[in-house]
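J.: Okay, handing you the structure first.
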Amino acid sequence: MGVLGNFPKSQGYLLNYRIEGLPRELFALYDAGRRPGADEAGRRAFGMWAQLRLSLGDKGGHEYPEEVLRLVREVADGDIPWTFEDARVLWEIADALSSCGHTGHAELYRIPLAAIAALGYSERRQILGDAPPWHPAHRSPGRAALRKDLERVLTEPPEHGPAGVVRSLVWDGDPIARAMAGKYAARLAHPAVLPLLKHWRKAKAHRPSEPWLAKVRTLLTDDGVAVLREILSRVATHRESREPGGRVFLARHTALPLRGMLWTCEVIDAPWVSTLLGDVAINCGIGRNGTGGAAVCRNERLANAALNALAKRGGLDTVGVLARVRAKLRRPALLAKASDALDAVAVQEGLSHEQLVDRTVPAFGLGPDGVREEQAGDCVVRLDVDGPVLRFVNASGRVVKSAPQSIRKDPVLADLKATLKDLKRTQAAERLRLEQMLIVERELSWQEAEQYFFDHPVTGPYTRALIWRLPDGFAGLPVRSGGDWALVDASGRSVRPGADTPVRLWHPIQESAEGVRGWRDHLLKRGIRQPFKQMFREVYLLTPAEERTRTHSDRFKGHFVRYGQAKALLEQRGWSGLSIGHWDYECGGDIGAAVKTLAGWQASWGMRVASDPQRDAWGTASCAATDAIRFRRADLPGDAPLTSASSVFLPFEEDGGMLSVILSKAFLLADDTRISDPSITRQLVAP
């Protein structure tokens with residue numbers, strides 16, 4: 001029986017699927033006793049045949065015949081001109097044999113080590129990192145037994161300089177690793193920082209141990225802190241890249257030291273740490289390509305490490321960051337971790353989650369007018385919440401749009417630019433938080449609304465453009481009157497509530513059509529721009545069919561949508577749980593539902609795969625068909641009836657308005673005399 005026939009049956013997939021183009025006709029000649037000639041192809045094939053001779057079937061590979069050992073050593077010591085593909089095949093064969101029980105690792109990997117030594121260091125790292133994490137090679141005892149040999153072939157020589165030192169530790173599988181071995185190589189390879197980098201690579205546990213953190217404290221220097229901050233700042237804005245193995249966010253060898261850097265943040269006491277940890281948690285915790293998906297995220301381990309470090313820090317300075325993280329992420333485990341961290345701080349302060357966030361939204365040094373001024377050289381730099389934007393007043397007192405040349409390297413300007421970025425992120429989080437308050441019908445006391453919403457320099461411009469409602473039904477915009485706040489309605493009537501009077505955001509479903517029209521005219525006339533659609537929010541009244549079905553609506557059933565786009569949009573609006581594709585049909589992998597909780601109600605919108613499995617490569621669906629939307633009380637296992645038109649509103653709201661939707665409705669209503677569907681005509685109110 002030849003070498004291919006002796007290969008373990010349990011590893012047959014390797015020969016049949018993973019390794020193509022084996023010179024099987026030459027193997028047959030060598031099985032018969034032939035030796036290779038002088039040609040390179042024959043010598044390379046002979047070397048691979050020798051590697052396969054180490055396979056002695058499913059039960060072999062513990063003790064090799066002396067003849068086989070002599071052959072293996074002859075090939076390994078020879079000058080065979082191995083190619084990249086040869087080395088890859090040899091490593092896969094050795095890993096496969098090791099994973100099925102062969103124990104003679106020194107001989108098993110002798111030829112692969114010789115082959116890889118003939119390649120460049122980048123190719124060596126590519127071969128040794130090619131196998132996916134689930135592949136048996138990553139559990140191969142052979143890799144562990146040959147640790148020193150692997151370090152030898154992966155460690156670049158001293159003449160490669162700092163870049164080679166760093167590449168030997170973090171490899172070069174993504175742009176972050178290449179930046180570490182490029183821009184940051186000299187700093188990372190410096191004797192004062194290199195021991196820290198090596199320690200970061202040992203961050204393999206779920207959480208840092210006390211001994212690990214204790215060693216960090218002894219190794220940490222100002223230079224180490226500075227380079228850590230710069231590299232993690234890159235990670236916070238990093239995106240996927242196309243690498244030889246496909247699209248990659250962070251390679252495994254890069255993620256390990258990065259996790260060590262995040263753990264190190266636990267022992268750094270600096271004001272920038274919390275914000276940076278939040279940025280990393282969001283960027284690593286959202287879905288691939290930044291979709292915010294719940295099913296997958298870019299790098300859950302790094303997102304977890306960042307959140308754990310934030311939770312360890314605690315204190316009020318982490319609250320705004322944790323709230324921003326919770327508003328951005330969709331992964332249930334990460335959301336739970338952010339909520340737990342907020343819970344811990346809330347308990348310490350004796351407040352609810354929401355009250356805690358109310359009190360800790362950063363003001364960024366802005367005055368009551370939403371402006372902060374700093375002197376930079378002979379110029380004044382203004383940070384203005386309206387925009388937000390930086391404005392510059394030069395030495396002659398003239399306002400200019402760009403920074404004068406004289407202050408472009410001024411640290412004051414650098415600080416204000418960083419603050420501007422934080423301000424923009426906080427504004428986005430506050431818009432989402434306010435809209436969530438509308439959805440969950442959160443109630444505040446009038447004193448809380450004044451102190452933490454109307455007067456706040458960041459949140460205030462948004463809340464003062466929103467309509468608020470009192471328990472007696474009166475609704476109005478916040479207006480300062482005589483040093484205090486009052487609510488003023490569209491007719492000019494003013495009410496000044498008491499400090500303990502409850503107030504909540506107004507929703508158009510609580511108003512008559514005439515009242516909504518009046519408010520819309522009032523806001524348009526005054527040019528008031530709301531942070532999200534409140535006054536112009538779409539309201540869907542129940543149709544006769546929905547009144548009959550009671551617990552579900554077929555209004556949006558039977559539409560065909562692009563699944564990827566629909567899923568991304570739904571997740572951006574807070575829906576979760578939707579994951580369908582061409583897998584596990586027997587267990588319902590082709591059907592699913594997006595779920596969202598709205599003020600004690602849970603809406604579930606069903607979808608099913610509606611695309612060709614061959615075209616989708618038997619993976620995620622490219623097209624889906626929509627099903628009914630079902631409603632149930634969030635705190636009950638069955639559906640609950642839709643009891644009245646006043647309790648149902650659009651379960652997916654678009655922010656900012658979509659021009660195509662607006663135009664399509666405008667054209668439809670412009671010709672409304674031709675509309676005959678009673679479910680629509682009964683909702684049209686005569687002017």
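Scheme for the structure tokens: letters A, B, ... for chains in order shown; per-chain residue numbers from 1; ligand numbers from 1 in order shown.
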Which residues of stretch 154-206 of chain A come within 12 Å of stretch 112-124 of chain A, and for each one, what is the closest pair of atoms and their distance in Å to one decimal, counting only C-alpha atoms, sorted by chain and residue number, as CSV?
T.:
```
residue,atom,partner,partner_atom,distance
A:Leu154,CA,A:Tyr121,CA,6.6
A:Thr155,CA,A:Tyr121,CA,8.2
A:Glu156,CA,A:Tyr121,CA,7.1
A:Pro157,CA,A:Tyr121,CA,10.1
A:His160,CA,A:Tyr121,CA,10.8
A:Gly164,CA,A:Tyr121,CA,9.3
A:Val165,CA,A:Tyr121,CA,11.9
A:Arg167,CA,A:Ser122,CA,9.0
A:Ser168,CA,A:Tyr121,CA,8.8
A:Val170,CA,A:Ser122,CA,11.8
A:Trp171,CA,A:Ser122,CA,8.0
A:Asp172,CA,A:Ser122,CA,7.5
A:Gly173,CA,A:Ser122,CA,9.2
A:Arg178,CA,A:Ser122,CA,11.3
```
J.: Those residues with N, CA and C atoms, as a short mmCIF file (atom, residue, chain, number, x, y, z; two decimals), in the first residue's frame please?
T.:
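Final output, saved to part_18.cif:
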```
data_model
loop_
_atom_site.label_atom_id
_atom_site.label_comp_id
_atom_site.auth_asym_id
_atom_site.auth_seq_id
_atom_site.Cartn_x
_atom_site.Cartn_y
_atom_site.Cartn_z
N LEU A 154 10.19 32.06 13.58
CA LEU A 154 9.36 33.26 13.49
C LEU A 154 10.08 34.52 13.97
N THR A 155 11.17 34.37 14.71
CA THR A 155 11.89 35.53 15.25
C THR A 155 12.85 36.07 14.21
N GLU A 156 12.62 37.31 13.81
CA GLU A 156 13.46 37.92 12.79
C GLU A 156 14.83 38.27 13.35
N PRO A 157 15.87 38.28 12.51
CA PRO A 157 17.24 38.54 12.98
C PRO A 157 17.42 39.99 13.43
N HIS A 160 17.15 43.20 11.23
CA HIS A 160 15.86 43.73 10.80
C HIS A 160 15.39 44.89 11.67
N GLY A 164 11.50 44.38 12.98
CA GLY A 164 11.58 42.92 13.07
C GLY A 164 11.27 42.42 14.47
N VAL A 165 11.72 43.16 15.49
CA VAL A 165 11.45 42.77 16.88
C VAL A 165 9.94 42.76 17.13
N ARG A 167 7.45 42.73 14.80
CA ARG A 167 6.76 41.74 13.96
C ARG A 167 6.89 40.34 14.53
N SER A 168 8.01 40.04 15.14
CA SER A 168 8.19 38.71 15.73
C SER A 168 7.20 38.46 16.85
N VAL A 170 4.01 40.46 17.28
CA VAL A 170 2.60 40.71 16.95
C VAL A 170 2.24 40.32 15.53
N TRP A 171 3.23 39.84 14.74
CA TRP A 171 3.03 39.47 13.35
C TRP A 171 2.57 40.68 12.53
N ASP A 172 1.93 40.44 11.40
CA ASP A 172 1.55 41.54 10.51
C ASP A 172 0.27 41.22 9.75
N GLY A 173 -0.73 40.76 10.50
CA GLY A 173 -1.96 40.27 9.86
C GLY A 173 -3.02 41.31 9.62
N ARG A 178 0.62 46.18 11.51
CA ARG A 178 1.63 46.79 10.64
C ARG A 178 2.02 48.19 11.15
#
```
J.: As a PyMOL selection string, which residues of stretch 228-408 of chain A does DSSP assign to helix (DSSP H, G or I)?
T.: chain A and resi 228-235+252-267+272-285+288-290+300-313+316-328+332-349+353-360+405-407
J.: Which of these, A:Asp31, A:Glu448, A:Asp222, A:Asp39, has the shortest distance to A:Arg53 once you count only C-alpha atoms?
T.: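 Result for the nearest residue to A:Arg53: A:Asp31.
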J.: Using Å and a single decimal, report how far atom CA of A:Arg562 sits from atom CA of A:Ala625.
T.: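 That distance, rounded to one decimal, is 8.9 Å.
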J.: So, counting only C-alpha atoms, which residue among A:Val3, A:Val503, A:Ile580, A:Leu470 is closest to A:Leu444?
T.: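 Ranked by minimum distance to A:Leu444, first place goes to A:Val503.
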J.: With a distance cut-off of 10 Å and only C-alpha atoms, select the neighbouring residues of A:Lys424, excluding the residue or stretch itself and same-chain residues fewer than 3 positions from it, and output the selection as JSON, numbers by chain.
T.: {"A": [385, 387, 388, 389, 419, 420, 421, 427, 428, 429, 430, 458]}
J.: Suppose you want the space between atom CA of A:Asp422 and atom CA of A:Val347; what is it in Å?
T.: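 Going from atom CA of A:Asp422 over to atom CA of A:Val347, I get 26.6 Å.
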J.: Taking 2 positions as the minimum chain separation for residues in the same chain, which residues sit within 8 Å of A:Gly574 when counting only C-alpha atoms? Answer as JSON, numbers by chain.
T.: {"A": [330, 570, 571, 572, 576, 596]}
J.: Could you check which of A:Pro362, A:Ala309, A:Val609, A:Pro332 is closest to A:Gly577, using only C-alpha atoms?
T.: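 Of the candidates, the smallest distance to A:Gly577 is held by A:Pro332.
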J.: So, counting only C-alpha atoms, which residue among A:Arg520, A:Arg425, A:Arg187, A:Arg298 is closest to A:Glu230?
T.: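 Closest to A:Glu230, using only C-alpha atoms: A:Arg187.
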J.: Report as a list in words all protein, DNA and RNA residues lying within 12 Å of A:Trp519, evaluated on only C-alpha atoms, omitting residues in the same chain fewer than 4 positions from it.
T.: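 Those residues are Leu466, Ile467, Ala475, Gly476, Leu477, Val488, Asp489, Ala490, Ser491, Gly492, Trp506, His507, Pro508, Glu511, Ser512, Ala513, Glu514, Gly515, Leu523, Leu524, Lys525, Arg526, Ile528, Gln534, Met535 and Phe536 of chain A.
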J.: Return the single residue from A:Val235, A:Val225, A:Ala303, A:Gly182 that is closest to A:Ala270, with distances computed using only C-alpha atoms.
T.: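 Checking each of A:Val235, A:Val225, A:Ala303, A:Gly182 against A:Ala270, counting only C-alpha atoms, the winner is A:Val225.
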J.: Looking at only C-alpha atoms, which of A:Pro211, A:Asp612, A:Val345, A:Asp415 is the one that sits closest to A:Leu383?
T.: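 Ranked by minimum distance to A:Leu383, first place goes to A:Asp415.
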J.: Would you please extract all strand (DSSP E) residues from stretch 247-401 of chain A, as assigned by DSSP on the backbone, and give them as a list in words?
T.: Arg247, Val248, Val371, Arg372, Glu373, Glu374, Gln375, Ala376, Cys379, Val380, Val381, Arg382, Leu383, Asp384, Val389, Leu390, Arg391, Phe392, Val393, Val399 and Val400 of chain A
J.: Would you mind exporting the chosen residues as a PDB file, in the first residue's frame, restricted to N, CA, C and O atoms?
T.:
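Below is the file that was written, part08.pdb:
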```
ATOM      1  N   ARG A 247     -11.478  39.141   4.603  1.00  0.00           N
ATOM      2  CA  ARG A 247     -11.661  40.395   5.328  1.00  0.00           C
ATOM      3  C   ARG A 247     -11.408  40.172   6.817  1.00  0.00           C
ATOM      4  O   ARG A 247     -11.953  39.253   7.417  1.00  0.00           O
ATOM      5  N   VAL A 248     -10.583  41.030   7.378  1.00  0.00           N
ATOM      6  CA  VAL A 248     -10.147  40.868   8.761  1.00  0.00           C
ATOM      7  C   VAL A 248     -10.303  42.193   9.492  1.00  0.00           C
ATOM      8  O   VAL A 248      -9.984  43.248   8.955  1.00  0.00           O
ATOM      9  N   VAL A 371     -21.249  77.934  24.699  1.00  0.00           N
ATOM     10  CA  VAL A 371     -19.974  78.340  24.113  1.00  0.00           C
ATOM     11  C   VAL A 371     -18.872  78.253  25.168  1.00  0.00           C
ATOM     12  O   VAL A 371     -19.084  78.583  26.336  1.00  0.00           O
ATOM     13  N   ARG A 372     -17.708  77.796  24.740  1.00  0.00           N
ATOM     14  CA  ARG A 372     -16.508  77.785  25.581  1.00  0.00           C
ATOM     15  C   ARG A 372     -15.387  78.476  24.825  1.00  0.00           C
ATOM     16  O   ARG A 372     -15.170  78.198  23.646  1.00  0.00           O
ATOM     17  N   GLU A 373     -14.677  79.360  25.488  1.00  0.00           N
ATOM     18  CA  GLU A 373     -13.589  80.100  24.859  1.00  0.00           C
ATOM     19  C   GLU A 373     -12.274  79.794  25.554  1.00  0.00           C
ATOM     20  O   GLU A 373     -12.202  79.734  26.773  1.00  0.00           O
ATOM     21  N   GLU A 374     -11.230  79.586  24.725  1.00  0.00           N
ATOM     22  CA  GLU A 374      -9.890  79.351  25.241  1.00  0.00           C
ATOM     23  C   GLU A 374      -8.907  80.219  24.462  1.00  0.00           C
ATOM     24  O   GLU A 374      -9.045  80.398  23.239  1.00  0.00           O
ATOM     25  N   GLN A 375      -7.895  80.735  25.160  1.00  0.00           N
ATOM     26  CA  GLN A 375      -6.861  81.532  24.507  1.00  0.00           C
ATOM     27  C   GLN A 375      -5.779  80.601  23.997  1.00  0.00           C
ATOM     28  O   GLN A 375      -5.235  79.776  24.737  1.00  0.00           O
ATOM     29  N   ALA A 376      -5.437  80.720  22.731  1.00  0.00           N
ATOM     30  CA  ALA A 376      -4.358  79.946  22.115  1.00  0.00           C
ATOM     31  C   ALA A 376      -3.457  80.930  21.376  1.00  0.00           C
ATOM     32  O   ALA A 376      -3.833  81.437  20.308  1.00  0.00           O
ATOM     33  N   CYS A 379      -4.788  84.192  19.589  1.00  0.00           N
ATOM     34  CA  CYS A 379      -6.146  83.950  19.074  1.00  0.00           C
ATOM     35  C   CYS A 379      -7.051  83.432  20.191  1.00  0.00           C
ATOM     36  O   CYS A 379      -6.592  82.888  21.196  1.00  0.00           O
ATOM     37  N   VAL A 380      -8.339  83.588  19.985  1.00  0.00           N
ATOM     38  CA  VAL A 380      -9.337  82.997  20.859  1.00  0.00           C
ATOM     39  C   VAL A 380     -10.039  81.888  20.073  1.00  0.00           C
ATOM     40  O   VAL A 380     -10.488  82.111  18.945  1.00  0.00           O
ATOM     41  N   VAL A 381     -10.098  80.697  20.672  1.00  0.00           N
ATOM     42  CA  VAL A 381     -10.772  79.562  20.023  1.00  0.00           C
ATOM     43  C   VAL A 381     -12.087  79.328  20.749  1.00  0.00           C
ATOM     44  O   VAL A 381     -12.118  79.187  21.974  1.00  0.00           O
ATOM     45  N   ARG A 382     -13.177  79.295  19.972  1.00  0.00           N
ATOM     46  CA  ARG A 382     -14.513  79.096  20.540  1.00  0.00           C
ATOM     47  C   ARG A 382     -15.036  77.707  20.179  1.00  0.00           C
ATOM     48  O   ARG A 382     -15.111  77.351  19.005  1.00  0.00           O
ATOM     49  N   LEU A 383     -15.395  76.966  21.209  1.00  0.00           N
ATOM     50  CA  LEU A 383     -16.095  75.698  21.011  1.00  0.00           C
ATOM     51  C   LEU A 383     -17.575  75.985  21.164  1.00  0.00           C
ATOM     52  O   LEU A 383     -18.031  76.396  22.229  1.00  0.00           O
ATOM     53  N   ASP A 384     -18.323  75.797  20.071  1.00  0.00           N
ATOM     54  CA  ASP A 384     -19.739  76.155  20.052  1.00  0.00           C
ATOM     55  C   ASP A 384     -20.574  74.901  19.895  1.00  0.00           C
ATOM     56  O   ASP A 384     -20.354  74.089  18.983  1.00  0.00           O
ATOM     57  N   VAL A 389     -18.976  73.064  16.510  1.00  0.00           N
ATOM     58  CA  VAL A 389     -17.905  73.528  15.644  1.00  0.00           C
ATOM     59  C   VAL A 389     -16.904  74.336  16.460  1.00  0.00           C
ATOM     60  O   VAL A 389     -17.217  74.840  17.542  1.00  0.00           O
ATOM     61  N   LEU A 390     -15.676  74.432  15.939  1.00  0.00           N
ATOM     62  CA  LEU A 390     -14.674  75.340  16.492  1.00  0.00           C
ATOM     63  C   LEU A 390     -14.632  76.590  15.621  1.00  0.00           C
ATOM     64  O   LEU A 390     -14.608  76.507  14.390  1.00  0.00           O
ATOM     65  N   ARG A 391     -14.651  77.738  16.266  1.00  0.00           N
ATOM     66  CA  ARG A 391     -14.517  79.018  15.554  1.00  0.00           C
ATOM     67  C   ARG A 391     -13.304  79.746  16.109  1.00  0.00           C
ATOM     68  O   ARG A 391     -12.945  79.588  17.277  1.00  0.00           O
ATOM     69  N   PHE A 392     -12.686  80.568  15.272  1.00  0.00           N
ATOM     70  CA  PHE A 392     -11.423  81.200  15.640  1.00  0.00           C
ATOM     71  C   PHE A 392     -11.527  82.719  15.488  1.00  0.00           C
ATOM     72  O   PHE A 392     -11.985  83.225  14.454  1.00  0.00           O
ATOM     73  N   VAL A 393     -11.109  83.422  16.533  1.00  0.00           N
ATOM     74  CA  VAL A 393     -11.063  84.885  16.507  1.00  0.00           C
ATOM     75  C   VAL A 393      -9.592  85.265  16.483  1.00  0.00           C
ATOM     76  O   VAL A 393      -8.857  85.033  17.460  1.00  0.00           O
ATOM     77  N   VAL A 399     -13.536  86.881  13.040  1.00  0.00           N
ATOM     78  CA  VAL A 399     -13.849  85.466  13.135  1.00  0.00           C
ATOM     79  C   VAL A 399     -13.499  84.783  11.822  1.00  0.00           C
ATOM     80  O   VAL A 399     -13.959  85.206  10.751  1.00  0.00           O
ATOM     81  N   VAL A 400     -12.663  83.738  11.909  1.00  0.00           N
ATOM     82  CA  VAL A 400     -12.265  82.980  10.715  1.00  0.00           C
ATOM     83  C   VAL A 400     -12.639  81.514  10.920  1.00  0.00           C
ATOM     84  O   VAL A 400     -12.743  81.029  12.048  1.00  0.00           O
TER      85      VAL A 400
END
```
J.: For stretch 423-484 of chain A against stretch 537-557 of chain A, with a cut-off of 12 Å and counting only C-alpha atoms, what is the closest atom pair and its distance in Å to one decimal for every residue that makes the cut, ordered by chain and number, as JSON lines?
T.:
```
{"residue": "A:Glu435", "atom": "CA", "partner": "A:Arg537", "partner_atom": "CA", "distance": 11.2}
{"residue": "A:Leu438", "atom": "CA", "partner": "A:Arg537", "partner_atom": "CA", "distance": 11.2}
{"residue": "A:Ile439", "atom": "CA", "partner": "A:Arg537", "partner_atom": "CA", "distance": 11.7}
```
J.: With all heavy atoms retained, write the just-selected residues as a short mmCIF file (atom, residue, chain, number, x, y, z; two decimals), in the first residue's frame.
T.:
```cif
data_model
loop_
_atom_site.label_atom_id
_atom_site.label_comp_id
_atom_site.auth_asym_id
_atom_site.auth_seq_id
_atom_site.Cartn_x
_atom_site.Cartn_y
_atom_site.Cartn_z
N GLU A 435 -34.99 60.22 22.52
CA GLU A 435 -36.00 59.49 21.76
C GLU A 435 -36.46 58.25 22.52
O GLU A 435 -37.63 57.90 22.49
CB GLU A 435 -35.47 59.12 20.38
CG GLU A 435 -36.54 58.52 19.48
CD GLU A 435 -36.11 58.39 18.05
OE1 GLU A 435 -34.90 58.46 17.77
OE2 GLU A 435 -36.99 58.20 17.19
N LEU A 438 -39.07 59.11 24.95
CA LEU A 438 -40.39 59.22 24.33
C LEU A 438 -41.03 57.84 24.17
O LEU A 438 -42.21 57.65 24.47
CB LEU A 438 -40.27 59.91 22.97
CG LEU A 438 -41.53 59.97 22.11
CD1 LEU A 438 -42.60 60.83 22.77
CD2 LEU A 438 -41.22 60.50 20.71
N ILE A 439 -40.22 56.88 23.72
CA ILE A 439 -40.74 55.54 23.45
C ILE A 439 -41.19 54.83 24.72
O ILE A 439 -42.25 54.20 24.77
CB ILE A 439 -39.68 54.70 22.70
CG1 ILE A 439 -39.45 55.29 21.30
CG2 ILE A 439 -40.10 53.25 22.60
CD1 ILE A 439 -38.28 54.68 20.56
#
```
J.: Excluding stretch 254-258 of chain A and any residue of its chain fewer than 4 positions from it, enumerate the residues within 12 Å of it, using only C-alpha atoms, and give them as an mmCIF file with C-alpha atoms, in the first residue's frame.
T.:
```cif
data_model
loop_
_atom_site.group_PDB
_atom_site.id
_atom_site.type_symbol
_atom_site.label_atom_id
_atom_site.label_comp_id
_atom_site.auth_asym_id
_atom_site.auth_seq_id
_atom_site.Cartn_x
_atom_site.Cartn_y
_atom_site.Cartn_z
ATOM 1 C CA GLY A 129 -1.626 31.659 10.946
ATOM 2 C CA VAL A 166 7.809 43.919 16.916
ATOM 3 C CA ARG A 167 6.763 41.744 13.961
ATOM 4 C CA SER A 168 8.188 38.712 15.727
ATOM 5 C CA LEU A 169 5.777 39.399 18.597
ATOM 6 C CA VAL A 170 2.598 40.712 16.951
ATOM 7 C CA TRP A 171 3.027 39.473 13.347
ATOM 8 C CA ASP A 172 1.549 41.543 10.512
ATOM 9 C CA GLY A 173 -1.960 40.274 9.862
ATOM 10 C CA ASP A 174 -3.802 43.622 9.821
ATOM 11 C CA PRO A 175 -3.177 47.398 9.620
ATOM 12 C CA ILE A 176 -2.923 47.797 13.404
ATOM 13 C CA ALA A 177 -0.144 45.190 13.591
ATOM 14 C CA ARG A 178 1.630 46.792 10.642
ATOM 15 C CA ALA A 179 1.396 50.202 12.321
ATOM 16 C CA MET A 180 2.860 48.709 15.509
ATOM 17 C CA ALA A 181 5.776 47.328 13.475
ATOM 18 C CA LEU A 188 7.680 49.531 21.310
ATOM 19 C CA LEU A 194 9.655 46.031 25.125
ATOM 20 C CA PRO A 195 9.201 44.018 28.378
ATOM 21 C CA LEU A 196 5.728 45.571 28.631
ATOM 22 C CA LEU A 197 4.861 44.508 25.067
ATOM 23 C CA LYS A 198 5.994 40.965 25.850
ATOM 24 C CA HIS A 199 3.846 41.015 28.994
ATOM 25 C CA TRP A 200 0.829 42.268 27.012
ATOM 26 C CA ARG A 201 1.134 39.166 24.808
ATOM 27 C CA LYS A 202 0.436 37.028 27.891
ATOM 28 C CA ALA A 203 -3.126 38.365 28.233
ATOM 29 C CA LYS A 204 -4.676 34.972 27.510
ATOM 30 C CA ALA A 205 -7.039 34.575 30.472
ATOM 31 C CA HIS A 206 -10.620 35.810 30.682
ATOM 32 C CA VAL A 227 2.255 54.534 23.086
ATOM 33 C CA LEU A 228 -0.611 52.501 24.593
ATOM 34 C CA ARG A 229 -2.913 55.508 24.310
ATOM 35 C CA GLU A 230 -1.972 56.128 20.673
ATOM 36 C CA ILE A 231 -2.381 52.502 19.596
ATOM 37 C CA LEU A 232 -5.738 52.056 21.361
ATOM 38 C CA SER A 233 -6.920 55.326 19.785
ATOM 39 C CA ARG A 234 -6.214 53.727 16.407
ATOM 40 C CA VAL A 235 -8.171 50.643 17.428
ATOM 41 C CA ALA A 236 -11.120 52.869 18.391
ATOM 42 C CA VAL A 248 -10.147 40.868 8.761
ATOM 43 C CA PHE A 249 -10.819 43.323 11.587
ATOM 44 C CA LEU A 250 -7.988 42.229 13.892
ATOM 45 C CA LEU A 262 -6.897 47.315 27.789
ATOM 46 C CA TRP A 263 -6.173 45.410 30.987
ATOM 47 C CA THR A 264 -3.348 47.862 31.680
ATOM 48 C CA CYS A 265 -5.863 50.731 31.605
ATOM 49 C CA LEU A 277 -12.193 52.505 26.786
ATOM 50 C CA VAL A 280 -12.796 50.799 21.915
ATOM 51 C CA CYS A 284 -15.025 46.362 18.714
ATOM 52 C CA ARG A 298 -15.996 42.729 15.438
ATOM 53 C CA ASN A 299 -14.090 41.447 18.446
ATOM 54 C CA GLU A 300 -16.109 40.493 21.505
ATOM 55 C CA ARG A 301 -13.034 39.703 23.605
ATOM 56 C CA LEU A 302 -11.649 43.214 23.222
ATOM 57 C CA ALA A 303 -15.075 44.790 23.766
ATOM 58 C CA ALA A 305 -11.955 43.721 28.126
ATOM 59 C CA ALA A 306 -12.763 47.405 27.631
#
```
J.: Tell me, as a PyMOL selection string, which residues lie within 8 Å of A:Pro404, counting only C-alpha atoms; anything in the same chain fewer than 3 positions away does not count.
T.: chain A and resi 392+394+407-408
